[in-house]
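K.L.:
Here it is, the structure, as structure tokens.
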Amino acid sequence: MGMIRRTFLIGGAALVGGGIFAVQYGDSSARSQAGKLTDGKDGHNFGTWLRIGEDDTVTLYSPHTDIGQGSNTGLAQMLAEELDADWSKLSVVSAPAESAFANVVLGKGFLSEMSGYPGIIGAMPMSLLGMVARQLNLQITGGSSALRFTGQQGLRVLGAGTRQALIETAAGRLGVPAGELTTADGKVLHAKSGKALRYGELAAEAATRSLSAKVALKDPKQFKHMGKSVPRFDIPAKVNGTAQYGMDVAKPGMRVATVIAAPVRGGKLISVDQKPAMAVAGVEKVISLESAVVVVAKGYWQALKGARALAPKFSDGGHGLISTATIFAEQDKLRAEGKPTKTAGDGDVDTALKAAGVKVIEADYKMPFLHHAMMEPFALTAHYKDGHLDVWGGMQDPLGAKAAAASAAGLGADKVTFHPMLIGGSFGRRLPMYMEIVDQVARVAMQVPYPVKIIWSREEEVSQGAYRPQSSAKLTAALGGDGKIAAWRNDFAQPEDGLREVPFFYDVPAVARRHFKQVSNQTVGAWRSVNATQHGFTTESFMDELAHAAGADPVAFRLRHLKPGRHRTVLEEVAKRSGWGSPLEPGRARGVAMVECFNTIVGQVVEASLAEDGTPKVHKAFAVVDCGTVVNPKAAEGQILGGLVMGLSSGIGEAITLEKGAVQQSNFSDYEVLKLANAPVVDVHFIDSGAEMGGIGEPGLPPATPALANALFALTGKRVRALPIKDQAKA
Amino acid sequence: MAIVAKVNGKPVSFEAEPDTPLLWAIREELGMTGTKFGCGIAACGACSVHIDGEITRSCSVPVSDVAGKSITTIEGLAAADGTLTALQQAWIEHQVPQCGYCQSGQIMAAAALLAKTPKPSDADIDAAMTNICRCGTYPRIRAAIHSVAGTSPATAA
Ligand code: FES
Ligand code: FES
């Protein structure tokens, strides 16, 4: 169950919105419904996601919310590639959160069983259930991304199928065999006669043809759009203040509200005296929900003052004794009991650990809860009027948001419209399944006659997160006399295992990765790259420990355990580019790490120093990335840069801690995020391996922390076994 | 009592209660949403504006403090016809924004830096650019500032 959720809840990458598989060949009702929604006059719908206007304009109705990773631009490149569209006439808009763009009819059966997630189910057209099944498998093993699935499996196929329909239409009109026709820049061309027909003039007739999904896609050598650093569509509006986020929604007569929720997750509201809030000028209403109080006012400041004047009583839901320390203690206990929830790996580890002549090495690692800390706090607006609820905001899954709002409001989905806005960062946080504000705004809107925007204060946002879980691991290995690892055991405790998403790729004869499932009162969040952060840190730190124990260079030691292939190539390349082994200025050292997740392999080398107060600083970082194929190199580089910076930030300074069941952090003052002065110069290099396309939004993150920790060991001889690093320095 | 000031060259009179942070007066009263709310405690810089040319975190300045002052927001940088400043163009050229939410504040901070220090060193940039970007666009921010200042970027990004 968690597995399915996680594969969709990719922190950095765009998420399923209108549905990955909504290229609805064969589903004529969805197509005609989508046509009604998008076909203004003089335009024609193809496979729900594409409209070609008689004026030659091409519109892509993207099912993804672009969180800033450039996925919509990349999707347009992929569509244009196969369609041979005229790039200058192409635009991207968000697909309406309507069932026509993601057939809600089904997917029940195995999907509901496995995901329990209506938004996803809504995205799966019945006619493609078989395909969905195959794709789910792929996603489970390889993770998901907008380009990899929607682009590769959806829009490229749609583009090619539509192109074929246009060619067939032109063949009929010109009375020539389709084989004599070619396409370029939005036209069908007949070289023999010199005739050309514009897509716009063919669209009406072509749209009546059924589209074939059995179309040949282009060979990369033919690419004109894919692989180019096309400027992202979304950027111009983000430099002049015109971009509109959920926070920016304003409606006539709108009120603004803010929330105080039970500080202990799982707690409920017992009572609240409304008077102190009502006494604040501008406060209009105090609404009690099951586990939160909402203060509605003329503006945010008044709502906040009102909320701060309240002293609501909450229960602790029986979780009042949970703390960071009790969670680690519980994890240790589970490990000591020795009954893993799940085990992966082959070979007889126990015997290998006891073999004569091996050196057994052990290390314990601890990792804290991490918060998404996206820059835009939660903000959603809702208005209930004449039996219909409208909701505006930025969500990773508009259809799921719509479903969640409908259920909170007690309305049918047809009585709710969700209006997607830009998202000010998400990293896995803005998913309706654990985004309480959807429920809150829908319930409040049902009680007031005006539009209401709920804004979570940063304090609420930090202390009510859906965190990357706190986690710990005991690593044990046997080092053979040949300087190679004879056995590897990783006993890790956390809510989910992540074993399939984060493969162990070193060549070791006996491996046991044993998951001890441990849960707390905290919501398990998908945090950018999900379980790859924990596995990346422990595996790559321990590899480094073993290298030193074997008296080997950390790169050479890893290479000893890598057969020729993608991983080896990535590691060799990053060692080369970083000048691994060459002298550095005094006070600096290098560290290396390599992690695979979402079918992308990233190797990183960082050059770090330590300030006098014990704060680490990374001066330079090198990343080598094998994600198979790169659609937009500049946008992809941005994702790797951003992931690396976020990885360093979390490793150096971030931690959410619990005391008496409640989160102790409240704002950027005590949840410390890396700033520009401590961000390194980064060199990013892509290896075009031609392997199946991997994700790009997340894999840049996991190697950064272990690479830094390993550099600090090289510098100081002191091993980082608990995060964040700054707490170690203080200790 | 209305508080009279100038925003992007135009006279405005704020009706908000005097303790209302300038940020919310700009966003909710003037309806100008380019200036963002990130933390409310002067820790992130998303709300950065210029007050009489000084970079200021508007979430932590009561509107009563700006009486008689001249405020510039992100909407006031470009020319009246929408032509972007060289700095904003550099932001596009370097494809700086990701989610974009912090970028109004980043651009205002960079504009204030360049107004005082037209040829900033890396150390000047480090000292001036203290706004948080959770998407991690810092290397490109640094590169964009260097490119518009004509200084040599120390970054490969
Ligand atoms: S909102 Fe003002 S500094 Fe963060
Ligand atoms: S671009 Fe997203 S926070 Fe800076």
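Chain identifiers are assigned as A, B, and so on, following the order in which chains appear in the structure tokens; residues are numbered from 1 within each chain, and ligands are numbered from 1 in order of appearance.
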Please give me, as a list in words, the residues lying within 7 Å of ligand 2 when counting only C-alpha atoms and all ligand atoms.

P.N.:
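Using only C-alpha atoms and all ligand atoms, everything at most 7 Å from ligand 2 comes to Met374, Met375, Gly424 and Gly425 of chain A; Pro97, Gln98, Cys99, Gly100, Tyr101, Cys102, Gln103, Ile132, Cys133, Arg134, Cys135, Gly136 and Thr137 of chain B.
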
K.L.:
Those residues you just picked out, can you put them in a file as a PDB file, in the first residue's frame with C-alpha atoms?

P.N.:
ATOM      1  CA  MET A 374       8.495  24.701   0.850  1.00  0.00           C
ATOM      2  CA  MET A 375       8.548  28.478   0.526  1.00  0.00           C
ATOM      3  CA  GLY A 424       5.357  27.593  -4.337  1.00  0.00           C
ATOM      4  CA  GLY A 425       7.363  24.449  -3.760  1.00  0.00           C
TER       5      GLY A 425
ATOM      6  CA  PRO B  97      13.427  30.351 -10.838  1.00  0.00           C
ATOM      7  CA  GLN B  98      12.120  26.910 -10.095  1.00  0.00           C
ATOM      8  CA  CYS B  99       8.897  27.130  -8.095  1.00  0.00           C
ATOM      9  CA  GLY B 100       9.531  30.865  -8.253  1.00  0.00           C
ATOM     10  CA  TYR B 101       7.947  31.708  -4.926  1.00  0.00           C
ATOM     11  CA  CYS B 102      11.104  33.165  -3.386  1.00  0.00           C
ATOM     12  CA  GLN B 103      12.208  34.939  -6.528  1.00  0.00           C
ATOM     13  CA  ILE B 132      15.972  31.423   1.504  1.00  0.00           C
ATOM     14  CA  CYS B 133      15.348  29.484  -1.679  1.00  0.00           C
ATOM     15  CA  ARG B 134      14.109  26.028  -0.815  1.00  0.00           C
ATOM     16  CA  CYS B 135      14.365  24.942  -4.435  1.00  0.00           C
ATOM     17  CA  GLY B 136      18.115  25.531  -4.145  1.00  0.00           C
ATOM     18  CA  THR B 137      18.546  27.963  -7.035  1.00  0.00           C
TER      19      THR B 137
END

K.L.:
To check your reading of the model: which residues sit at most 8 Å from ligand 1 when counting only C-alpha atoms and all ligand atoms? Write the answer as number ranges by chain.

P.N.:
B: 23, 36-48, 57-60, 131

K.L.:
Give me a file of those residues, with all heavy atoms, as a compact mmCIF listing (two decimals), in the first residue's frame.

P.N.:
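Below you can see out18.txt, which holds the result:
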# COMPACT_ATOMS: atom_id res chain seq x y z
N LEU B 23 3.71 44.03 4.58
CA LEU B 23 3.45 42.92 3.65
C LEU B 23 1.96 42.73 3.39
O LEU B 23 1.51 42.63 2.25
CB LEU B 23 4.04 41.62 4.22
CG LEU B 23 3.64 40.33 3.50
CD1 LEU B 23 4.16 40.30 2.07
CD2 LEU B 23 4.13 39.12 4.28
N LYS B 36 5.81 38.27 -1.49
CA LYS B 36 5.29 37.01 -0.94
C LYS B 36 5.42 36.89 0.57
O LYS B 36 6.33 37.44 1.18
CB LYS B 36 6.05 35.84 -1.57
CG LYS B 36 5.90 35.75 -3.09
CD LYS B 36 4.47 35.62 -3.53
CE LYS B 36 4.34 35.31 -5.01
NZ LYS B 36 3.04 35.73 -5.56
N PHE B 37 4.52 36.09 1.12
CA PHE B 37 4.58 35.72 2.53
C PHE B 37 5.29 34.37 2.64
O PHE B 37 4.89 33.40 2.02
CB PHE B 37 3.17 35.60 3.10
CG PHE B 37 3.09 34.87 4.42
CD1 PHE B 37 3.80 35.31 5.53
CD2 PHE B 37 2.29 33.74 4.55
CE1 PHE B 37 3.73 34.63 6.74
CE2 PHE B 37 2.20 33.06 5.76
CZ PHE B 37 2.92 33.50 6.86
N GLY B 38 6.36 34.34 3.44
CA GLY B 38 7.06 33.08 3.62
C GLY B 38 7.13 32.65 5.07
O GLY B 38 6.92 31.49 5.39
N CYS B 39 7.44 33.59 5.98
CA CYS B 39 7.67 33.17 7.36
C CYS B 39 7.05 34.12 8.38
O CYS B 39 6.71 33.71 9.47
CB CYS B 39 9.17 33.05 7.64
SG CYS B 39 10.02 34.64 7.63
N GLY B 40 6.96 35.40 8.04
CA GLY B 40 6.37 36.36 8.96
C GLY B 40 7.30 36.83 10.07
O GLY B 40 6.90 37.64 10.92
N ILE B 41 8.54 36.34 10.09
CA ILE B 41 9.45 36.73 11.18
C ILE B 41 10.79 37.25 10.67
O ILE B 41 11.80 37.16 11.35
CB ILE B 41 9.70 35.56 12.16
CG1 ILE B 41 10.33 34.35 11.43
CG2 ILE B 41 8.41 35.13 12.85
CD1 ILE B 41 10.99 33.35 12.35
N ALA B 42 10.81 37.77 9.47
CA ALA B 42 12.04 38.34 8.88
C ALA B 42 13.14 37.31 8.71
O ALA B 42 14.32 37.65 8.69
CB ALA B 42 12.55 39.53 9.71
N ALA B 43 12.77 36.04 8.53
CA ALA B 43 13.79 34.99 8.42
C ALA B 43 14.04 34.51 7.00
O ALA B 43 15.07 33.89 6.73
CB ALA B 43 13.42 33.79 9.29
N CYS B 44 13.11 34.76 6.07
CA CYS B 44 13.26 34.13 4.76
C CYS B 44 13.46 35.10 3.60
O CYS B 44 14.01 34.73 2.57
CB CYS B 44 12.05 33.25 4.45
SG CYS B 44 10.55 34.14 3.99
N GLY B 45 12.96 36.32 3.72
CA GLY B 45 13.18 37.31 2.67
C GLY B 45 12.20 37.27 1.52
O GLY B 45 12.30 38.08 0.59
N ALA B 46 11.22 36.39 1.55
CA ALA B 46 10.25 36.31 0.45
C ALA B 46 9.47 37.62 0.29
O ALA B 46 8.98 37.94 -0.79
CB ALA B 46 9.27 35.16 0.68
N CYS B 47 9.38 38.38 1.38
CA CYS B 47 8.56 39.60 1.40
C CYS B 47 9.38 40.86 1.14
O CYS B 47 8.90 41.96 1.39
CB CYS B 47 7.91 39.72 2.78
SG CYS B 47 9.16 39.90 4.07
N SER B 48 10.61 40.70 0.64
CA SER B 48 11.52 41.84 0.52
C SER B 48 10.99 42.92 -0.43
O SER B 48 10.56 42.63 -1.55
CB SER B 48 12.89 41.37 0.02
OG SER B 48 13.45 40.46 0.94
N ARG B 57 12.46 43.65 4.90
CA ARG B 57 11.54 42.50 4.94
C ARG B 57 10.18 43.01 5.44
O ARG B 57 10.01 43.30 6.63
CB ARG B 57 12.13 41.39 5.82
CG ARG B 57 13.40 40.88 5.15
CD ARG B 57 14.06 39.70 5.77
NE ARG B 57 15.12 39.26 4.83
CZ ARG B 57 15.94 38.25 5.04
NH1 ARG B 57 15.85 37.54 6.14
NH2 ARG B 57 16.83 37.93 4.13
N SER B 58 9.25 43.12 4.51
CA SER B 58 8.02 43.85 4.79
C SER B 58 7.10 43.14 5.77
O SER B 58 6.16 43.74 6.29
CB SER B 58 7.27 44.14 3.48
OG SER B 58 6.84 42.93 2.88
N CYS B 59 7.36 41.88 6.06
CA CYS B 59 6.51 41.18 7.02
C CYS B 59 6.76 41.69 8.42
O CYS B 59 5.97 41.44 9.33
CB CYS B 59 6.76 39.68 6.99
SG CYS B 59 8.39 39.18 7.59
N SER B 60 7.89 42.37 8.61
CA SER B 60 8.27 42.75 9.96
C SER B 60 8.36 44.26 10.13
O SER B 60 9.00 44.75 11.05
CB SER B 60 9.59 42.07 10.32
OG SER B 60 9.42 40.66 10.26
N ASN B 131 18.33 35.62 1.48
CA ASN B 131 16.97 35.07 1.37
C ASN B 131 17.02 33.56 1.15
O ASN B 131 17.89 33.07 0.45
CB ASN B 131 16.25 35.69 0.16
CG ASN B 131 15.96 37.16 0.36
OD1 ASN B 131 16.38 37.77 1.33
ND2 ASN B 131 15.25 37.74 -0.60

K.L.:
Which residues come within 7 Å of region 702-718 of chain A, counting only C-alpha atoms, excluding same-chain residues fewer than 5 positions away, as a compact mmCIF listing (two decimals) with N, CA, C and O atoms, in the first residue's frame?

P.N.:
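After the write, part.txt holds the following:
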# COMPACT_ATOMS: atom_id res chain seq x y z
N ALA A 532 15.20 7.10 -0.40
CA ALA A 532 16.58 7.12 -0.90
C ALA A 532 17.46 7.99 -0.01
O ALA A 532 18.69 7.84 -0.02
N THR A 533 16.87 8.89 0.76
CA THR A 533 17.71 9.72 1.63
C THR A 533 18.31 8.87 2.75
O THR A 533 19.51 8.94 3.01
N GLY A 536 20.53 6.08 1.17
CA GLY A 536 21.72 6.71 0.59
C GLY A 536 22.72 7.06 1.67
O GLY A 536 23.92 6.79 1.53
N PHE A 537 22.25 7.64 2.75
CA PHE A 537 23.16 8.06 3.81
C PHE A 537 23.84 6.87 4.48
O PHE A 537 25.06 6.83 4.65
N GLU A 540 26.09 4.69 1.81
CA GLU A 540 27.28 5.36 1.32
C GLU A 540 28.23 5.79 2.44
O GLU A 540 29.44 5.89 2.23
N SER A 541 27.71 6.02 3.63
CA SER A 541 28.60 6.28 4.77
C SER A 541 29.35 5.01 5.14
O SER A 541 30.55 5.02 5.40
N ASP A 544 32.09 3.97 2.90
CA ASP A 544 33.26 4.78 3.20
C ASP A 544 34.00 4.24 4.42
O ASP A 544 35.23 4.17 4.44
N ARG A 588 40.84 21.51 3.33
CA ARG A 588 39.72 20.96 2.56
C ARG A 588 39.92 19.47 2.31
O ARG A 588 41.05 19.00 2.25
N ALA A 589 38.80 18.80 2.14
CA ALA A 589 38.88 17.38 1.79
C ALA A 589 37.70 17.02 0.90
O ALA A 589 36.69 17.74 0.88
N ARG A 590 37.86 15.91 0.19
CA ARG A 590 36.78 15.46 -0.70
C ARG A 590 36.06 14.25 -0.10
O ARG A 590 36.65 13.45 0.61
N GLY A 591 34.79 14.15 -0.48
CA GLY A 591 34.02 12.96 -0.15
C GLY A 591 33.20 12.56 -1.35
O GLY A 591 32.83 13.40 -2.17
N VAL A 592 32.89 11.28 -1.43
CA VAL A 592 32.16 10.77 -2.59
C VAL A 592 30.95 9.97 -2.12
O VAL A 592 30.97 9.39 -1.03
N ALA A 593 29.92 9.94 -2.94
CA ALA A 593 28.76 9.07 -2.70
C ALA A 593 28.02 8.87 -4.01
O ALA A 593 28.06 9.73 -4.89
N MET A 594 27.35 7.75 -4.11
CA MET A 594 26.56 7.46 -5.31
C MET A 594 25.29 6.74 -4.89
O MET A 594 25.33 5.80 -4.11
N VAL A 595 24.15 7.22 -5.42
CA VAL A 595 22.86 6.62 -5.06
C VAL A 595 22.04 6.47 -6.33
O VAL A 595 22.08 7.32 -7.21
N GLY A 603 26.21 10.19 -9.05
CA GLY A 603 27.43 10.18 -8.25
C GLY A 603 27.81 11.61 -7.94
O GLY A 603 27.69 12.49 -8.79
N GLN A 604 28.23 11.86 -6.72
CA GLN A 604 28.63 13.21 -6.34
C GLN A 604 29.96 13.19 -5.58
O GLN A 604 30.21 12.29 -4.77
N VAL A 605 30.76 14.21 -5.84
CA VAL A 605 31.96 14.46 -5.05
C VAL A 605 31.85 15.88 -4.54
O VAL A 605 31.51 16.79 -5.30
N VAL A 606 32.08 16.08 -3.25
CA VAL A 606 32.08 17.44 -2.70
C VAL A 606 33.45 17.75 -2.10
O VAL A 606 34.14 16.85 -1.62
N GLU A 607 33.77 19.03 -2.15
CA GLU A 607 34.99 19.52 -1.50
C GLU A 607 34.55 20.38 -0.33
O GLU A 607 33.88 21.39 -0.52
N ALA A 608 34.93 19.99 0.88
CA ALA A 608 34.39 20.67 2.06
C ALA A 608 35.49 21.13 3.00
O ALA A 608 36.60 20.60 3.00
N LEU A 644 20.81 18.79 -4.93
CA LEU A 644 22.08 18.73 -4.21
C LEU A 644 22.09 19.75 -3.07
O LEU A 644 22.48 19.44 -1.93
N GLY A 647 19.87 18.57 -0.36
CA GLY A 647 20.52 17.46 0.34
C GLY A 647 21.55 17.97 1.34
O GLY A 647 21.60 17.51 2.49
N LEU A 648 22.35 18.92 0.92
CA LEU A 648 23.35 19.49 1.83
C LEU A 648 22.65 20.21 2.99
O LEU A 648 23.04 20.08 4.15
N GLY A 651 21.31 17.71 5.45
CA GLY A 651 22.38 17.00 6.15
C GLY A 651 23.10 17.88 7.16
O GLY A 651 23.48 17.43 8.23

K.L.:
Using only C-alpha atoms, determine which residues of chain A fall within 8 Å of chain B; present them as an NGL selection string.

P.N.:
:A and (67-70 or 231-232 or 235-236 or 238-244 or 248 or 250 or 299-301 or 373-377 or 423-425 or 457-459 or 634-635 or 638 or 641-646 or 667-669 or 673-677 or 679-684)

K.L.:
Would you list the contacts of region 569-582 of chain A as an MDAnalysis selection string, taking every protein, DNA or RNA residue within 8 Å and counting only C-alpha atoms, but skipping same-chain residues closer than 5 positions in sequence?

P.N.:
chainID A and resid 555 559 564 590 594 601:605 621:626 687

K.L.:
Take the residues from that selection and write them out as an mmCIF file, in the first residue's frame, keeping N, CA and C atoms.

P.N.:
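Result went into again-v6.cif, see below:
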data_model
loop_
_atom_site.group_PDB
_atom_site.id
_atom_site.type_symbol
_atom_site.label_atom_id
_atom_site.label_comp_id
_atom_site.auth_asym_id
_atom_site.auth_seq_id
_atom_site.Cartn_x
_atom_site.Cartn_y
_atom_site.Cartn_z
ATOM 1 N N VAL A 555 37.002 5.777 -3.593
ATOM 2 C CA VAL A 555 36.538 5.535 -4.968
ATOM 3 C C VAL A 555 37.016 4.163 -5.435
ATOM 4 N N LEU A 559 34.822 0.931 -6.652
ATOM 5 C CA LEU A 559 35.013 0.331 -7.984
ATOM 6 C C LEU A 559 35.294 -1.165 -7.881
ATOM 7 N N PRO A 564 31.467 -3.783 -14.622
ATOM 8 C CA PRO A 564 31.272 -2.794 -15.684
ATOM 9 C C PRO A 564 29.779 -2.550 -15.901
ATOM 10 N N ARG A 590 37.858 15.908 0.192
ATOM 11 C CA ARG A 590 36.779 15.460 -0.695
ATOM 12 C C ARG A 590 36.061 14.255 -0.104
ATOM 13 N N MET A 594 27.355 7.752 -4.114
ATOM 14 C CA MET A 594 26.562 7.461 -5.315
ATOM 15 C C MET A 594 25.288 6.736 -4.895
ATOM 16 N N ILE A 601 20.907 7.251 -11.778
ATOM 17 C CA ILE A 601 22.082 7.057 -10.931
ATOM 18 C C ILE A 601 22.818 8.385 -10.834
ATOM 19 N N VAL A 602 23.105 8.802 -9.616
ATOM 20 C CA VAL A 602 23.828 10.062 -9.436
ATOM 21 C C VAL A 602 25.041 9.817 -8.547
ATOM 22 N N GLY A 603 26.206 10.192 -9.049
ATOM 23 C CA GLY A 603 27.426 10.176 -8.253
ATOM 24 C C GLY A 603 27.814 11.608 -7.940
ATOM 25 N N GLN A 604 28.230 11.857 -6.716
ATOM 26 C CA GLN A 604 28.635 13.214 -6.340
ATOM 27 C C GLN A 604 29.955 13.185 -5.575
ATOM 28 N N VAL A 605 30.756 14.212 -5.838
ATOM 29 C CA VAL A 605 31.959 14.458 -5.050
ATOM 30 C C VAL A 605 31.849 15.884 -4.537
ATOM 31 N N ALA A 621 31.006 21.206 -5.728
ATOM 32 C CA ALA A 621 30.365 19.896 -5.808
ATOM 33 C C ALA A 621 30.323 19.480 -7.270
ATOM 34 N N PHE A 622 30.465 18.205 -7.491
ATOM 35 C CA PHE A 622 30.414 17.646 -8.837
ATOM 36 C C PHE A 622 29.340 16.566 -8.838
ATOM 37 N N ALA A 623 28.482 16.628 -9.837
ATOM 38 C CA ALA A 623 27.439 15.603 -9.937
ATOM 39 C C ALA A 623 27.494 14.993 -11.329
ATOM 40 N N VAL A 624 27.510 13.701 -11.386
ATOM 41 C CA VAL A 624 27.398 13.005 -12.671
ATOM 42 C C VAL A 624 26.116 12.181 -12.623
ATOM 43 N N VAL A 625 25.318 12.333 -13.675
ATOM 44 C CA VAL A 625 23.955 11.820 -13.662
ATOM 45 C C VAL A 625 23.705 10.934 -14.873
ATOM 46 N N ASP A 626 23.221 9.746 -14.625
ATOM 47 C CA ASP A 626 22.747 8.906 -15.721
ATOM 48 C C ASP A 626 21.252 8.681 -15.529
ATOM 49 N N ILE A 687 25.307 11.769 -18.375
ATOM 50 C CA ILE A 687 25.780 10.689 -19.245
ATOM 51 C C ILE A 687 24.580 10.199 -20.039
#

K.L.:
Which residues are near Gly161 (chain A)? Cut-off 8 Å, only C-alpha atoms, ignore same chain within fewer than 6 positions. Put them as a VMD selection string.

P.N.:
chain A and resid 211 to 215

K.L.:
Go ahead and dump the residues you just picked, N, CA and C atoms, as an mmCIF file, in the first residue's frame.

P.N.:
data_model
loop_
_atom_site.group_PDB
_atom_site.id
_atom_site.type_symbol
_atom_site.label_atom_id
_atom_site.label_comp_id
_atom_site.auth_asym_id
_atom_site.auth_seq_id
_atom_site.Cartn_x
_atom_site.Cartn_y
_atom_site.Cartn_z
ATOM 1 N N LEU A 211 -7.400 7.241 -33.221
ATOM 2 C CA LEU A 211 -5.945 7.357 -33.131
ATOM 3 C C LEU A 211 -5.352 5.998 -32.831
ATOM 4 N N SER A 212 -4.255 5.721 -33.457
ATOM 5 C CA SER A 212 -3.584 4.454 -33.188
ATOM 6 C C SER A 212 -2.510 4.655 -32.129
ATOM 7 N N ALA A 213 -2.475 3.724 -31.179
ATOM 8 C CA ALA A 213 -1.409 3.773 -30.176
ATOM 9 C C ALA A 213 -0.209 2.961 -30.640
ATOM 10 N N LYS A 214 -0.390 2.260 -31.767
ATOM 11 C CA LYS A 214 0.720 1.442 -32.284
ATOM 12 C C LYS A 214 1.475 2.260 -33.310
ATOM 13 N N VAL A 215 2.214 3.213 -32.844
ATOM 14 C CA VAL A 215 2.944 4.081 -33.758
ATOM 15 C C VAL A 215 4.423 4.021 -33.405
#

K.L.:
Leaving out Leu22 (chain B) and any residue of its chain fewer than 5 positions from it, which residues lie within 6 Å of it when counting only C-alpha atoms, given as a ChimeraX atom specification?

P.N.:
/B:58,61-63

K.L.:
If you run DSSP on the backbone, which residues of region 150-239 of chain A are helix (DSSP H, G or I), as an NGL selection string?

P.N.:
:A and (150-174 or 178-180 or 199-206 or 220-222 or 236-238)

K.L.:
Going by DSSP on the backbone, which bits of region 139-270 of chain A are strand (DSSP E)? Write them as a VMD selection string, please.

P.N.:
chain A and resid 181 to 184 187 to 190 195 to 198 255 to 261 269 to 270

K.L.:
With N, CA and C atoms retained, write the just-selected residues as a compact mmCIF listing (two decimals), in the first residue's frame.

P.N.:
# COMPACT_ATOMS: atom_id res chain seq x y z
N LEU A 181 4.07 11.11 -47.98
CA LEU A 181 3.92 12.36 -47.22
C LEU A 181 4.90 12.41 -46.04
N THR A 182 5.36 13.60 -45.77
CA THR A 182 6.19 13.84 -44.59
C THR A 182 5.58 15.00 -43.81
N THR A 183 6.13 15.25 -42.61
CA THR A 183 5.62 16.36 -41.82
C THR A 183 6.77 17.20 -41.30
N ALA A 184 6.49 18.49 -41.12
CA ALA A 184 7.49 19.38 -40.51
C ALA A 184 6.78 20.65 -40.07
N LYS A 187 3.00 21.15 -40.62
CA LYS A 187 2.45 20.97 -41.98
C LYS A 187 2.69 19.53 -42.45
N VAL A 188 1.76 19.06 -43.31
CA VAL A 188 1.99 17.80 -44.01
C VAL A 188 2.49 18.17 -45.40
N LEU A 189 3.58 17.57 -45.82
CA LEU A 189 4.23 17.96 -47.08
C LEU A 189 4.21 16.81 -48.08
N HIS A 190 3.98 17.17 -49.33
CA HIS A 190 4.09 16.18 -50.41
C HIS A 190 5.20 16.66 -51.34
N LYS A 195 3.14 20.21 -52.74
CA LYS A 195 1.97 20.69 -52.00
C LYS A 195 2.18 20.56 -50.50
N ALA A 196 1.55 21.44 -49.77
CA ALA A 196 1.63 21.38 -48.30
C ALA A 196 0.26 21.68 -47.72
N LEU A 197 -0.12 20.93 -46.70
CA LEU A 197 -1.39 21.22 -46.00
C LEU A 197 -1.06 21.52 -44.55
N ARG A 198 -1.66 22.59 -44.02
CA ARG A 198 -1.42 22.99 -42.63
C ARG A 198 -2.22 22.06 -41.71
N ARG A 255 -12.91 36.47 2.81
CA ARG A 255 -12.31 36.61 4.14
C ARG A 255 -11.08 35.72 4.20
N VAL A 256 -10.24 36.03 5.16
CA VAL A 256 -9.01 35.25 5.31
C VAL A 256 -9.02 34.59 6.68
N ALA A 257 -8.58 33.34 6.71
CA ALA A 257 -8.63 32.60 7.97
C ALA A 257 -7.28 31.96 8.24
N THR A 258 -7.04 31.67 9.50
CA THR A 258 -5.86 30.88 9.83
C THR A 258 -6.24 29.86 10.89
N VAL A 259 -5.33 28.94 11.14
CA VAL A 259 -5.68 27.72 11.86
C VAL A 259 -4.72 27.48 13.01
N ILE A 260 -5.25 26.94 14.09
CA ILE A 260 -4.37 26.34 15.11
C ILE A 260 -4.83 24.90 15.27
N ALA A 261 -3.91 23.98 15.00
CA ALA A 261 -4.27 22.56 15.09
C ALA A 261 -3.68 21.96 16.35
N LEU A 269 -9.58 18.57 19.44
CA LEU A 269 -9.97 19.79 20.15
C LEU A 269 -10.94 19.42 21.27
N ILE A 270 -10.62 19.85 22.48
CA ILE A 270 -11.52 19.60 23.61
C ILE A 270 -12.44 20.80 23.80

K.L.:
Name all residues at most 8 Å from Ala112 (chain B) (count only C-alpha atoms; drop same-chain ones fewer than 5 positions away) and give them as a list in words.

P.N.:
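The neighbour list is His50, Gly53, Glu54 and Ile55 of chain B.
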
K.L.:
Quick check, in Å to one decimal: how far apart do CA of Val293 (chain A) and CA of Ala526 (chain A) lie?

P.N.:
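These two atoms are separated by 26.4 Å.
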
K.L.:
Between CA of Thr117 (chain B) and CA of Ala79 (chain B), what is the spacing in Å?

P.N.:
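CA of Thr117 (chain B) lies 21.8 Å from CA of Ala79 (chain B).
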
K.L.:
Of the candidates A:Gln522, A:Ser407, A:Ser62, A:Ser529, which shows the shortest atom-to-atom distance to Gly154 (chain A), using only C-alpha atoms?

P.N.:
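Closest to Gly154 (chain A) of all the choices is A:Ser62.
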
K.L.:
As an exercise, work out the distance from CA of Val360 (chain A) to CA of Ser471 (chain A) in Å and give it to one decimal place.

P.N.:
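Taking CA of Val360 (chain A) and CA of Ser471 (chain A), their separation equals 23.3 Å.
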